[in-house]
Amino acid sequence: EGQWLEVSFNLVFVGNNQYNLYGTNPATGEYNYFGFVKFMPTQPPDCPLLQVNCNNNNDNPFDIEIIEKDNSIGNLNSCNKRKEQNTLAFFEPLTDRRKSNIYNFSLNEVDLCFDRQKQKIQFKLIQNPTLVTIIDICLNNIQKKNLVRINSLKEINSISNNECQRLLNSIYGHINYPLKLNNGDFVLTEVLLLHERIHKENFENDYVNWHKNALYSFLSKWNKKCNDFTSVSEAKESALNYSQKAFTSYWQNIFSQYLWWNGLDERMPEEYRIELKAKMEKETHNDHRIIELLLKYKNEALKKCNSNF
């Protein structure tokens, strides 16, 4: 009668999905070949709904584009929020439905594929969602203060020589924040808009980009299998609705953080809000790009007027 003996094998890969088995023969003590095992590759099933398989697609479903518009699009009341109406320019993200094109997307904007290895459906938005921001000057407030606009360096040459001292004083008045401009002074709209675009840049870097990982983590939880849907349009509708929901939650998070840390949240005690906003405005205005632009205006004015501060 035979006897079963336990033998430890070493597997040696010999190619073509085959492994040879070697081990010590317990009867003779010799190291022998005991046969082989061969693995037959199998193909995970496809999804009957989708003709397109994902090709190692680990990208995020979409990115976000920041769009800048003037206030003819926004129609915001930002210039008149302060009683003293001393706002000369502003940056503000849109907060209503117009803030993004994602709410107007149709199912045609959704692209689906099937990940055969993970046995799940993945999606991408063909067009990236936008975040619309408004940057503009407050023309009415500039006119009420009787300020004279200078829109570019070239316009320095159109100023008469007898206004040189007022021009130089006006440029000097842009160095600090708030601006120190008197009635009838010149206002540099290029400096105003650069200040607001730095706000926009900080908004994008410190809030929009900073919170993207949380957005993408939320989107990755759309974990749908082929048999979860009965049609392609049903799958696309689910993906689009989930994207819009994720985007709305993401937007609410970044905007509430933006308001708070920039001294714009009215729930904050007024004394702290004013102090924080003033601090943020001064930091923005001390940006090297504003200093360099003011230096260009100063040099252009000195060249014209042949004078010094």
# chains A, B, ... in the order shown; residues from 1 in each chain; ligands from 1

call {"tool": "select_by_dssp", "arguments": {"residues": "stretch 105-182 of chain A", "states": "helix (DSSP H, G or I)", "output": "PyMOL selection string"}}
result
chain A and resi 107-109+139-144+153-158+161-173

call {"tool": "select_by_dssp", "arguments": {"residues": "stretch 59-163 of chain A", "states": "strand (DSSP E or B)", "output": "MDAnalysis selection string"}}
result
chainID A and resid 65:69 89:93 110:115 120:125 130:137 148:150

call {"tool": "closest_residue", "arguments": {"among": "A:Ser249, A:Ser160, A:Ser8, A:Thr42", "to": "A:Pro26", "atoms": "only C-alpha atoms"}}
result
A:Ser8

call {"tool": "residues_around", "arguments": {"residues": "stretch 136-148 of chain A", "least_positions_apart": "6", "cutoff": "10 Å", "atoms": "only C-alpha atoms", "output": "count of residues only"}}
result
34

call {"tool": "atom_distance", "arguments": {"atom1": "atom CA of A:Leu131", "atom2": "atom CA of A:Leu219"}}
result
17.8 Å

call {"tool": "residues_around", "arguments": {"residues": "A:Asn202", "least_positions_apart": "6", "cutoff": "12 Å", "atoms": "only C-alpha atoms", "output": "ChimeraX atom specification"}}
result
/A:66,91,195-196,208-210,258,261-262,280-281,283-284,287

call {"tool": "write_last_selection", "arguments": {"atoms": "N, CA, C and O atoms", "output": "mmCIF file, in the first residue's frame"}}
result
data_model
loop_
_atom_site.group_PDB
_atom_site.id
_atom_site.type_symbol
_atom_site.label_atom_id
_atom_site.label_comp_id
_atom_site.auth_asym_id
_atom_site.auth_seq_id
_atom_site.Cartn_x
_atom_site.Cartn_y
_atom_site.Cartn_z
ATOM 1 N N ILE A 66 -9.992 78.589 -14.511
ATOM 2 C CA ILE A 66 -10.409 79.883 -13.958
ATOM 3 C C ILE A 66 -10.608 80.862 -15.115
ATOM 4 O O ILE A 66 -9.701 81.067 -15.923
ATOM 5 N N PHE A 91 -12.060 92.326 -7.206
ATOM 6 C CA PHE A 91 -12.060 90.937 -7.672
ATOM 7 C C PHE A 91 -13.117 90.190 -6.872
ATOM 8 O O PHE A 91 -13.189 90.341 -5.649
ATOM 9 N N HIS A 195 -3.438 94.645 -9.006
ATOM 10 C CA HIS A 195 -3.743 94.324 -7.607
ATOM 11 C C HIS A 195 -4.853 93.274 -7.532
ATOM 12 O O HIS A 195 -4.752 92.284 -6.795
ATOM 13 N N GLU A 196 -5.905 93.465 -8.323
ATOM 14 C CA GLU A 196 -7.036 92.531 -8.286
ATOM 15 C C GLU A 196 -6.663 91.182 -8.905
ATOM 16 O O GLU A 196 -7.146 90.141 -8.449
ATOM 17 N N VAL A 208 -8.557 77.234 -4.801
ATOM 18 C CA VAL A 208 -9.020 76.364 -5.889
ATOM 19 C C VAL A 208 -8.120 75.140 -6.033
ATOM 20 O O VAL A 208 -8.589 73.997 -6.031
ATOM 21 N N ASN A 209 -6.815 75.357 -6.148
ATOM 22 C CA ASN A 209 -5.886 74.235 -6.343
ATOM 23 C C ASN A 209 -5.664 73.447 -5.055
ATOM 24 O O ASN A 209 -5.490 72.225 -5.085
ATOM 25 N N TRP A 210 -5.653 74.158 -3.919
ATOM 26 C CA TRP A 210 -5.359 73.500 -2.645
ATOM 27 C C TRP A 210 -6.404 72.434 -2.310
ATOM 28 O O TRP A 210 -6.086 71.399 -1.738
ATOM 29 N N TYR A 258 -12.281 81.007 1.642
ATOM 30 C CA TYR A 258 -11.788 82.256 1.045
ATOM 31 C C TYR A 258 -12.359 83.469 1.786
ATOM 32 O O TYR A 258 -11.628 84.405 2.130
ATOM 33 N N TRP A 261 -10.705 83.688 5.524
ATOM 34 C CA TRP A 261 -9.288 84.040 5.659
ATOM 35 C C TRP A 261 -8.932 85.355 4.980
ATOM 36 O O TRP A 261 -7.808 85.830 5.105
ATOM 37 N N ASN A 262 -9.882 85.961 4.276
ATOM 38 C CA ASN A 262 -9.631 87.262 3.675
ATOM 39 C C ASN A 262 -10.438 88.369 4.351
ATOM 40 O O ASN A 262 -10.536 89.471 3.822
ATOM 41 N N MET A 280 -4.530 91.602 4.531
ATOM 42 C CA MET A 280 -4.469 90.898 3.253
ATOM 43 C C MET A 280 -4.279 91.879 2.096
ATOM 44 O O MET A 280 -3.530 91.610 1.153
ATOM 45 N N GLU A 281 -4.955 93.017 2.177
ATOM 46 C CA GLU A 281 -4.835 94.019 1.105
ATOM 47 C C GLU A 281 -3.418 94.590 1.044
ATOM 48 O O GLU A 281 -2.852 94.783 -0.032
ATOM 49 N N GLU A 283 -0.636 93.110 2.076
ATOM 50 C CA GLU A 283 0.258 92.060 1.581
ATOM 51 C C GLU A 283 0.156 91.941 0.069
ATOM 52 O O GLU A 283 1.162 91.760 -0.629
ATOM 53 N N THR A 284 -1.059 92.031 -0.441
ATOM 54 C CA THR A 284 -1.258 91.963 -1.894
ATOM 55 C C THR A 284 -0.589 93.142 -2.585
ATOM 56 O O THR A 284 0.087 92.987 -3.613
ATOM 57 N N ASP A 287 3.217 93.210 -3.297
ATOM 58 C CA ASP A 287 3.753 92.250 -4.262
ATOM 59 C C ASP A 287 4.785 92.935 -5.152
ATOM 60 O O ASP A 287 4.609 94.089 -5.574
#

call {"tool": "atom_distance", "arguments": {"atom1": "atom CA of A:Tyr103", "atom2": "atom CA of A:Ser243"}}
result
9.6 Å

call {"tool": "closest_residue", "arguments": {"among": "A:Asn161, A:Asn75, A:Asn60, A:Asn176", "to": "A:Asn128", "atoms": "only C-alpha atoms"}}
result
A:Asn60

call {"tool": "residues_around", "arguments": {"residues": "A:Asn253", "least_positions_apart": "6", "cutoff": "12 Å", "atoms": "only C-alpha atoms", "output": "list of chain:residue names"}}
result
A:Tyr207, A:Val208, A:Trp210, A:His211, A:Lys212, A:Ala214, A:Leu215, A:Ala246, A:Phe247, A:Leu259, A:Trp260

call {"tool": "write_last_selection", "arguments": {"atoms": "N, CA and C atoms", "output": "mmCIF file, in the first residue's frame"}}
result
data_model
loop_
_atom_site.group_PDB
_atom_site.id
_atom_site.type_symbol
_atom_site.label_atom_id
_atom_site.label_comp_id
_atom_site.auth_asym_id
_atom_site.auth_seq_id
_atom_site.Cartn_x
_atom_site.Cartn_y
_atom_site.Cartn_z
ATOM 1 N N TYR A 207 -6.773 78.350 -2.737
ATOM 2 C CA TYR A 207 -8.081 77.762 -2.463
ATOM 3 C C TYR A 207 -8.511 76.777 -3.548
ATOM 4 N N VAL A 208 -8.557 77.234 -4.801
ATOM 5 C CA VAL A 208 -9.020 76.364 -5.889
ATOM 6 C C VAL A 208 -8.120 75.140 -6.033
ATOM 7 N N TRP A 210 -5.653 74.158 -3.919
ATOM 8 C CA TRP A 210 -5.359 73.500 -2.645
ATOM 9 C C TRP A 210 -6.404 72.434 -2.310
ATOM 10 N N HIS A 211 -7.656 72.679 -2.661
ATOM 11 C CA HIS A 211 -8.740 71.764 -2.288
ATOM 12 C C HIS A 211 -9.071 70.752 -3.389
ATOM 13 N N LYS A 212 -8.294 70.726 -4.456
ATOM 14 C CA LYS A 212 -8.610 69.800 -5.550
ATOM 15 C C LYS A 212 -8.512 68.338 -5.130
ATOM 16 N N ALA A 214 -9.316 66.947 -2.383
ATOM 17 C CA ALA A 214 -10.565 66.542 -1.739
ATOM 18 C C ALA A 214 -11.655 66.315 -2.783
ATOM 19 N N LEU A 215 -11.670 67.172 -3.806
ATOM 20 C CA LEU A 215 -12.640 67.009 -4.893
ATOM 21 C C LEU A 215 -12.415 65.694 -5.619
ATOM 22 N N ALA A 246 -20.444 66.975 -6.697
ATOM 23 C CA ALA A 246 -19.081 67.104 -6.163
ATOM 24 C C ALA A 246 -18.569 68.524 -6.344
ATOM 25 N N PHE A 247 -18.821 69.116 -7.508
ATOM 26 C CA PHE A 247 -18.349 70.470 -7.798
ATOM 27 C C PHE A 247 -19.002 71.477 -6.853
ATOM 28 N N LEU A 259 -13.654 83.473 2.041
ATOM 29 C CA LEU A 259 -14.275 84.589 2.755
ATOM 30 C C LEU A 259 -13.677 84.759 4.143
ATOM 31 N N TRP A 260 -13.511 83.647 4.843
ATOM 32 C CA TRP A 260 -13.045 83.721 6.226
ATOM 33 C C TRP A 260 -11.626 84.267 6.311
#

call {"tool": "residues_around", "arguments": {"residues": "A:Ile290", "least_positions_apart": "5", "cutoff": "8 Å", "atoms": "only C-alpha atoms", "output": "list in words"}}
result
Val191, Leu194, His195 and His285 of chain A

call {"tool": "closest_residue", "arguments": {"among": "A:Ser100, A:Tyr250, A:Gly23, A:Pro129", "to": "A:Asn213", "atoms": "only C-alpha atoms"}}
result
A:Tyr250

call {"tool": "residues_around", "arguments": {"residues": "stretch 113-119 of chain A", "least_positions_apart": "4", "cutoff": "6 Å", "atoms": "only C-alpha atoms", "output": "PyMOL selection string"}}
result
chain A and resi 52-54

call {"tool": "write_last_selection", "arguments": {"atoms": "N, CA, C and O atoms", "output": "compact mmCIF listing (two decimals), in the first residue's frame"}}
result
# COMPACT_ATOMS: atom_id res chain seq x y z
N VAL A 52 -15.98 50.80 -25.42
CA VAL A 52 -14.65 51.36 -25.18
C VAL A 52 -14.11 50.87 -23.85
O VAL A 52 -14.76 51.02 -22.81
N ASN A 53 -12.92 50.28 -23.88
CA ASN A 53 -12.24 49.87 -22.65
C ASN A 53 -11.22 50.93 -22.26
O ASN A 53 -10.60 51.57 -23.13
N CYS A 54 -11.03 51.13 -20.96
CA CYS A 54 -10.06 52.11 -20.48
C CYS A 54 -8.65 51.58 -20.68
O CYS A 54 -8.38 50.39 -20.45

call {"tool": "atom_distance", "arguments": {"atom1": "atom CA of A:Ile121", "atom2": "atom CA of A:Phe105"}}
result
19.8 Å

call {"tool": "closest_atom_pairs", "arguments": {"of": "stretch 35-99 of chain A", "to": "stretch 232-237 of chain A", "cutoff": "12 Å", "atoms": "only C-alpha atoms", "output": "JSON lines"}}
result
{"residue": "A:Cys47", "atom": "CA", "partner": "A:Val232", "partner_atom": "CA", "distance": 10.8}
{"residue": "A:Pro48", "atom": "CA", "partner": "A:Val232", "partner_atom": "CA", "distance": 10.1}
{"residue": "A:Leu49", "atom": "CA", "partner": "A:Val232", "partner_atom": "CA", "distance": 6.3}
{"residue": "A:Leu50", "atom": "CA", "partner": "A:Val232", "partner_atom": "CA", "distance": 7.3}
{"residue": "A:Gln51", "atom": "CA", "partner": "A:Val232", "partner_atom": "CA", "distance": 10.4}
{"residue": "A:Val52", "atom": "CA", "partner": "A:Val232", "partner_atom": "CA", "distance": 11.6}

call {"tool": "closest_residue", "arguments": {"among": "A:Asn17, A:Gln244, A:Gln43, A:Ser238", "to": "A:Ile102", "atoms": "only C-alpha atoms"}}
result
A:Gln244

call {"tool": "closest_residue", "arguments": {"among": "A:Asp228, A:Ile171, A:Lys277, A:Lys38", "to": "A:Asn16", "atoms": "only C-alpha atoms"}}
result
A:Lys38

call {"tool": "closest_residue", "arguments": {"among": "A:Arg166, A:Thr133, A:Ile126, A:Thr230", "to": "A:Phe203", "atoms": "only C-alpha atoms"}}
result
A:Thr133

call {"tool": "decode", "arguments": {"residues": "stretch 10-152 of chain A", "atoms": "C-alpha atoms", "output": "PDB file, in the first residue's frame"}}
result
ATOM      1  CA  ASN A  10      10.767  25.121  -6.031  1.00  0.00           C
ATOM      2  CA  LEU A  11       9.023  26.700  -9.008  1.00  0.00           C
ATOM      3  CA  VAL A  12      11.310  27.670 -11.886  1.00  0.00           C
ATOM      4  CA  PHE A  13       9.818  29.813 -14.636  1.00  0.00           C
ATOM      5  CA  VAL A  14      10.741  28.419 -18.050  1.00  0.00           C
ATOM      6  CA  GLY A  15       8.638  30.706 -20.251  1.00  0.00           C
ATOM      7  CA  ASN A  16       5.274  30.563 -22.000  1.00  0.00           C
ATOM      8  CA  ASN A  17       3.410  30.769 -18.629  1.00  0.00           C
ATOM      9  CA  GLN A  18       5.030  27.473 -17.514  1.00  0.00           C
ATOM     10  CA  TYR A  19       6.814  26.694 -14.225  1.00  0.00           C
ATOM     11  CA  ASN A  20       8.828  23.495 -13.681  1.00  0.00           C
ATOM     12  CA  LEU A  21       8.631  21.808 -10.266  1.00  0.00           C
ATOM     13  CA  TYR A  22      11.845  20.714  -8.513  1.00  0.00           C
ATOM     14  CA  GLY A  23      12.284  19.229  -5.063  1.00  0.00           C
ATOM     15  CA  THR A  24      14.129  16.712  -2.888  1.00  0.00           C
ATOM     16  CA  ASN A  25      12.943  13.119  -3.275  1.00  0.00           C
ATOM     17  CA  PRO A  26      12.284  11.885   0.297  1.00  0.00           C
ATOM     18  CA  ALA A  27      13.027   8.286  -0.734  1.00  0.00           C
ATOM     19  CA  THR A  28      16.442   8.892  -2.306  1.00  0.00           C
ATOM     20  CA  GLY A  29      17.429  12.332  -0.999  1.00  0.00           C
ATOM     21  CA  GLU A  30      18.096  13.433  -4.573  1.00  0.00           C
ATOM     22  CA  TYR A  31      16.983  16.772  -6.070  1.00  0.00           C
ATOM     23  CA  ASN A  32      14.565  15.780  -8.861  1.00  0.00           C
ATOM     24  CA  TYR A  33      12.247  17.214 -11.480  1.00  0.00           C
ATOM     25  CA  PHE A  34       8.635  16.458 -10.555  1.00  0.00           C
ATOM     26  CA  GLY A  35       6.716  17.939 -13.475  1.00  0.00           C
ATOM     27  CA  PHE A  36       5.341  21.357 -14.310  1.00  0.00           C
ATOM     28  CA  VAL A  37       2.385  23.670 -13.905  1.00  0.00           C
ATOM     29  CA  LYS A  38       1.122  25.935 -16.663  1.00  0.00           C
ATOM     30  CA  PHE A  39      -1.078  28.968 -16.126  1.00  0.00           C
ATOM     31  CA  MET A  40      -3.606  29.752 -18.827  1.00  0.00           C
ATOM     32  CA  PRO A  41      -4.356  33.508 -19.036  1.00  0.00           C
ATOM     33  CA  THR A  42      -8.008  34.444 -18.809  1.00  0.00           C
ATOM     34  CA  GLN A  43      -9.712  37.592 -20.046  1.00  0.00           C
ATOM     35  CA  PRO A  44     -11.983  39.424 -17.575  1.00  0.00           C
ATOM     36  CA  PRO A  45     -15.441  39.971 -19.069  1.00  0.00           C
ATOM     37  CA  ASP A  46     -16.255  43.113 -21.038  1.00  0.00           C
ATOM     38  CA  CYS A  47     -19.193  45.427 -20.396  1.00  0.00           C
ATOM     39  CA  PRO A  48     -21.964  44.879 -22.984  1.00  0.00           C
ATOM     40  CA  LEU A  49     -23.092  48.500 -22.599  1.00  0.00           C
ATOM     41  CA  LEU A  50     -19.750  50.043 -23.540  1.00  0.00           C
ATOM     42  CA  GLN A  51     -17.622  49.426 -26.602  1.00  0.00           C
ATOM     43  CA  VAL A  52     -14.654  51.362 -25.184  1.00  0.00           C
ATOM     44  CA  ASN A  53     -12.243  49.874 -22.649  1.00  0.00           C
ATOM     45  CA  CYS A  54     -10.059  52.114 -20.482  1.00  0.00           C
ATOM     46  CA  ASN A  55      -6.352  52.071 -21.291  1.00  0.00           C
ATOM     47  CA  ASN A  56      -4.748  52.353 -17.853  1.00  0.00           C
ATOM     48  CA  ASN A  57      -6.692  55.556 -17.361  1.00  0.00           C
ATOM     49  CA  ASN A  58      -5.860  56.861 -13.887  1.00  0.00           C
ATOM     50  CA  ASP A  59      -6.364  60.547 -14.689  1.00  0.00           C
ATOM     51  CA  ASN A  60      -8.895  62.659 -12.823  1.00  0.00           C
ATOM     52  CA  PRO A  61     -12.297  63.031 -14.502  1.00  0.00           C
ATOM     53  CA  PHE A  62     -11.742  66.736 -15.113  1.00  0.00           C
ATOM     54  CA  ASP A  63      -9.659  69.778 -14.242  1.00  0.00           C
ATOM     55  CA  ILE A  64     -10.934  73.264 -13.412  1.00  0.00           C
ATOM     56  CA  GLU A  65     -10.303  76.388 -15.485  1.00  0.00           C
ATOM     57  CA  ILE A  66     -10.409  79.883 -13.958  1.00  0.00           C
ATOM     58  CA  ILE A  67     -12.124  82.377 -16.257  1.00  0.00           C
ATOM     59  CA  GLU A  68     -11.834  86.159 -15.853  1.00  0.00           C
ATOM     60  CA  LYS A  69     -14.716  88.402 -16.972  1.00  0.00           C
ATOM     61  CA  ASP A  70     -15.557  92.062 -16.454  1.00  0.00           C
ATOM     62  CA  ASN A  71     -18.612  93.240 -14.547  1.00  0.00           C
ATOM     63  CA  SER A  72     -20.781  93.488 -17.662  1.00  0.00           C
ATOM     64  CA  ILE A  73     -21.051  89.708 -17.226  1.00  0.00           C
ATOM     65  CA  GLY A  74     -21.229  89.635 -13.429  1.00  0.00           C
ATOM     66  CA  ASN A  75     -23.438  92.690 -12.839  1.00  0.00           C
ATOM     67  CA  LEU A  76     -22.239  92.677  -9.231  1.00  0.00           C
ATOM     68  CA  ASN A  77     -22.708  95.474  -6.700  1.00  0.00           C
ATOM     69  CA  SER A  78     -19.151  95.171  -5.364  1.00  0.00           C
ATOM     70  CA  CYS A  79     -18.274  98.828  -6.032  1.00  0.00           C
ATOM     71  CA  ASN A  80     -20.991 100.066  -3.696  1.00  0.00           C
ATOM     72  CA  LYS A  81     -20.673  97.669  -0.766  1.00  0.00           C
ATOM     73  CA  ARG A  82     -18.931 100.284   1.382  1.00  0.00           C
ATOM     74  CA  LYS A  83     -20.803 103.377   2.434  1.00  0.00           C
ATOM     75  CA  GLU A  84     -17.839 105.609   1.696  1.00  0.00           C
ATOM     76  CA  GLN A  85     -17.692 104.175  -1.845  1.00  0.00           C
ATOM     77  CA  ASN A  86     -13.893 104.207  -1.907  1.00  0.00           C
ATOM     78  CA  THR A  87     -13.585 100.928  -3.823  1.00  0.00           C
ATOM     79  CA  LEU A  88     -11.778 101.700  -7.069  1.00  0.00           C
ATOM     80  CA  ALA A  89     -11.509  98.136  -8.415  1.00  0.00           C
ATOM     81  CA  PHE A  90     -12.508  94.673  -7.261  1.00  0.00           C
ATOM     82  CA  PHE A  91     -12.060  90.937  -7.672  1.00  0.00           C
ATOM     83  CA  GLU A  92     -14.943  88.621  -6.841  1.00  0.00           C
ATOM     84  CA  PRO A  93     -15.808  85.041  -7.784  1.00  0.00           C
ATOM     85  CA  LEU A  94     -19.342  84.529  -9.052  1.00  0.00           C
ATOM     86  CA  THR A  95     -21.417  82.625  -6.509  1.00  0.00           C
ATOM     87  CA  ASP A  96     -24.677  81.869  -8.313  1.00  0.00           C
ATOM     88  CA  ARG A  97     -25.271  79.227 -10.974  1.00  0.00           C
ATOM     89  CA  ARG A  98     -23.318  81.341 -13.490  1.00  0.00           C
ATOM     90  CA  LYS A  99     -20.126  80.528 -11.591  1.00  0.00           C
ATOM     91  CA  SER A 100     -19.522  77.437 -13.745  1.00  0.00           C
ATOM     92  CA  ASN A 101     -20.516  75.940 -17.081  1.00  0.00           C
ATOM     93  CA  ILE A 102     -20.754  72.492 -15.436  1.00  0.00           C
ATOM     94  CA  TYR A 103     -24.417  73.145 -14.606  1.00  0.00           C
ATOM     95  CA  ASN A 104     -25.167  73.539 -18.317  1.00  0.00           C
ATOM     96  CA  PHE A 105     -23.425  70.355 -19.442  1.00  0.00           C
ATOM     97  CA  SER A 106     -25.439  67.765 -21.370  1.00  0.00           C
ATOM     98  CA  LEU A 107     -24.844  64.023 -21.502  1.00  0.00           C
ATOM     99  CA  ASN A 108     -22.781  64.645 -24.646  1.00  0.00           C
ATOM    100  CA  GLU A 109     -20.085  66.125 -22.382  1.00  0.00           C
ATOM    101  CA  VAL A 110     -19.620  62.787 -20.582  1.00  0.00           C
ATOM    102  CA  ASP A 111     -17.200  60.182 -21.921  1.00  0.00           C
ATOM    103  CA  LEU A 112     -17.385  56.632 -20.507  1.00  0.00           C
ATOM    104  CA  CYS A 113     -15.036  53.669 -20.636  1.00  0.00           C
ATOM    105  CA  PHE A 114     -14.899  50.276 -18.936  1.00  0.00           C
ATOM    106  CA  ASP A 115     -11.944  49.225 -16.804  1.00  0.00           C
ATOM    107  CA  ARG A 116     -11.796  45.497 -17.490  1.00  0.00           C
ATOM    108  CA  GLN A 117      -9.282  44.745 -14.738  1.00  0.00           C
ATOM    109  CA  LYS A 118     -11.217  46.589 -12.010  1.00  0.00           C
ATOM    110  CA  GLN A 119     -14.585  45.666 -13.556  1.00  0.00           C
ATOM    111  CA  LYS A 120     -15.894  49.207 -13.133  1.00  0.00           C
ATOM    112  CA  ILE A 121     -17.015  52.082 -15.325  1.00  0.00           C
ATOM    113  CA  GLN A 122     -14.911  55.237 -15.432  1.00  0.00           C
ATOM    114  CA  PHE A 123     -15.888  58.645 -16.768  1.00  0.00           C
ATOM    115  CA  LYS A 124     -14.368  61.890 -17.975  1.00  0.00           C
ATOM    116  CA  LEU A 125     -15.934  65.219 -18.825  1.00  0.00           C
ATOM    117  CA  ILE A 126     -15.005  66.149 -22.391  1.00  0.00           C
ATOM    118  CA  GLN A 127     -14.965  69.850 -21.466  1.00  0.00           C
ATOM    119  CA  ASN A 128     -13.386  71.124 -18.245  1.00  0.00           C
ATOM    120  CA  PRO A 129     -15.671  72.972 -15.823  1.00  0.00           C
ATOM    121  CA  THR A 130     -14.940  76.668 -15.373  1.00  0.00           C
ATOM    122  CA  LEU A 131     -14.934  78.960 -12.365  1.00  0.00           C
ATOM    123  CA  VAL A 132     -15.943  82.460 -13.417  1.00  0.00           C
ATOM    124  CA  THR A 133     -14.342  85.387 -11.594  1.00  0.00           C
ATOM    125  CA  ILE A 134     -15.068  89.095 -12.074  1.00  0.00           C
ATOM    126  CA  ILE A 135     -12.350  91.765 -12.185  1.00  0.00           C
ATOM    127  CA  ASP A 136     -13.226  95.352 -13.012  1.00  0.00           C
ATOM    128  CA  ILE A 137     -12.671  98.975 -12.082  1.00  0.00           C
ATOM    129  CA  CYS A 138     -15.341 101.033 -10.322  1.00  0.00           C
ATOM    130  CA  LEU A 139     -15.800 103.788 -12.856  1.00  0.00           C
ATOM    131  CA  ASN A 140     -18.572 105.557 -10.929  1.00  0.00           C
ATOM    132  CA  ASN A 141     -16.446 105.818  -7.775  1.00  0.00           C
ATOM    133  CA  ILE A 142     -13.473 107.080  -9.786  1.00  0.00           C
ATOM    134  CA  GLN A 143     -15.670 109.765 -11.322  1.00  0.00           C
ATOM    135  CA  LYS A 144     -17.211 110.712  -7.952  1.00  0.00           C
ATOM    136  CA  LYS A 145     -13.721 111.320  -6.574  1.00  0.00           C
ATOM    137  CA  ASN A 146     -12.906 113.385  -9.675  1.00  0.00           C
ATOM    138  CA  LEU A 147      -9.890 111.152 -10.382  1.00  0.00           C
ATOM    139  CA  VAL A 148      -8.279 111.216 -13.811  1.00  0.00           C
ATOM    140  CA  ARG A 149      -7.608 107.765 -15.252  1.00  0.00           C
ATOM    141  CA  ILE A 150      -4.252 106.791 -16.717  1.00  0.00           C
ATOM    142  CA  ASN A 151      -4.687 103.425 -18.435  1.00  0.00           C
ATOM    143  CA  SER A 152      -1.127 102.757 -19.635  1.00  0.00           C
TER     144      SER A 152
END
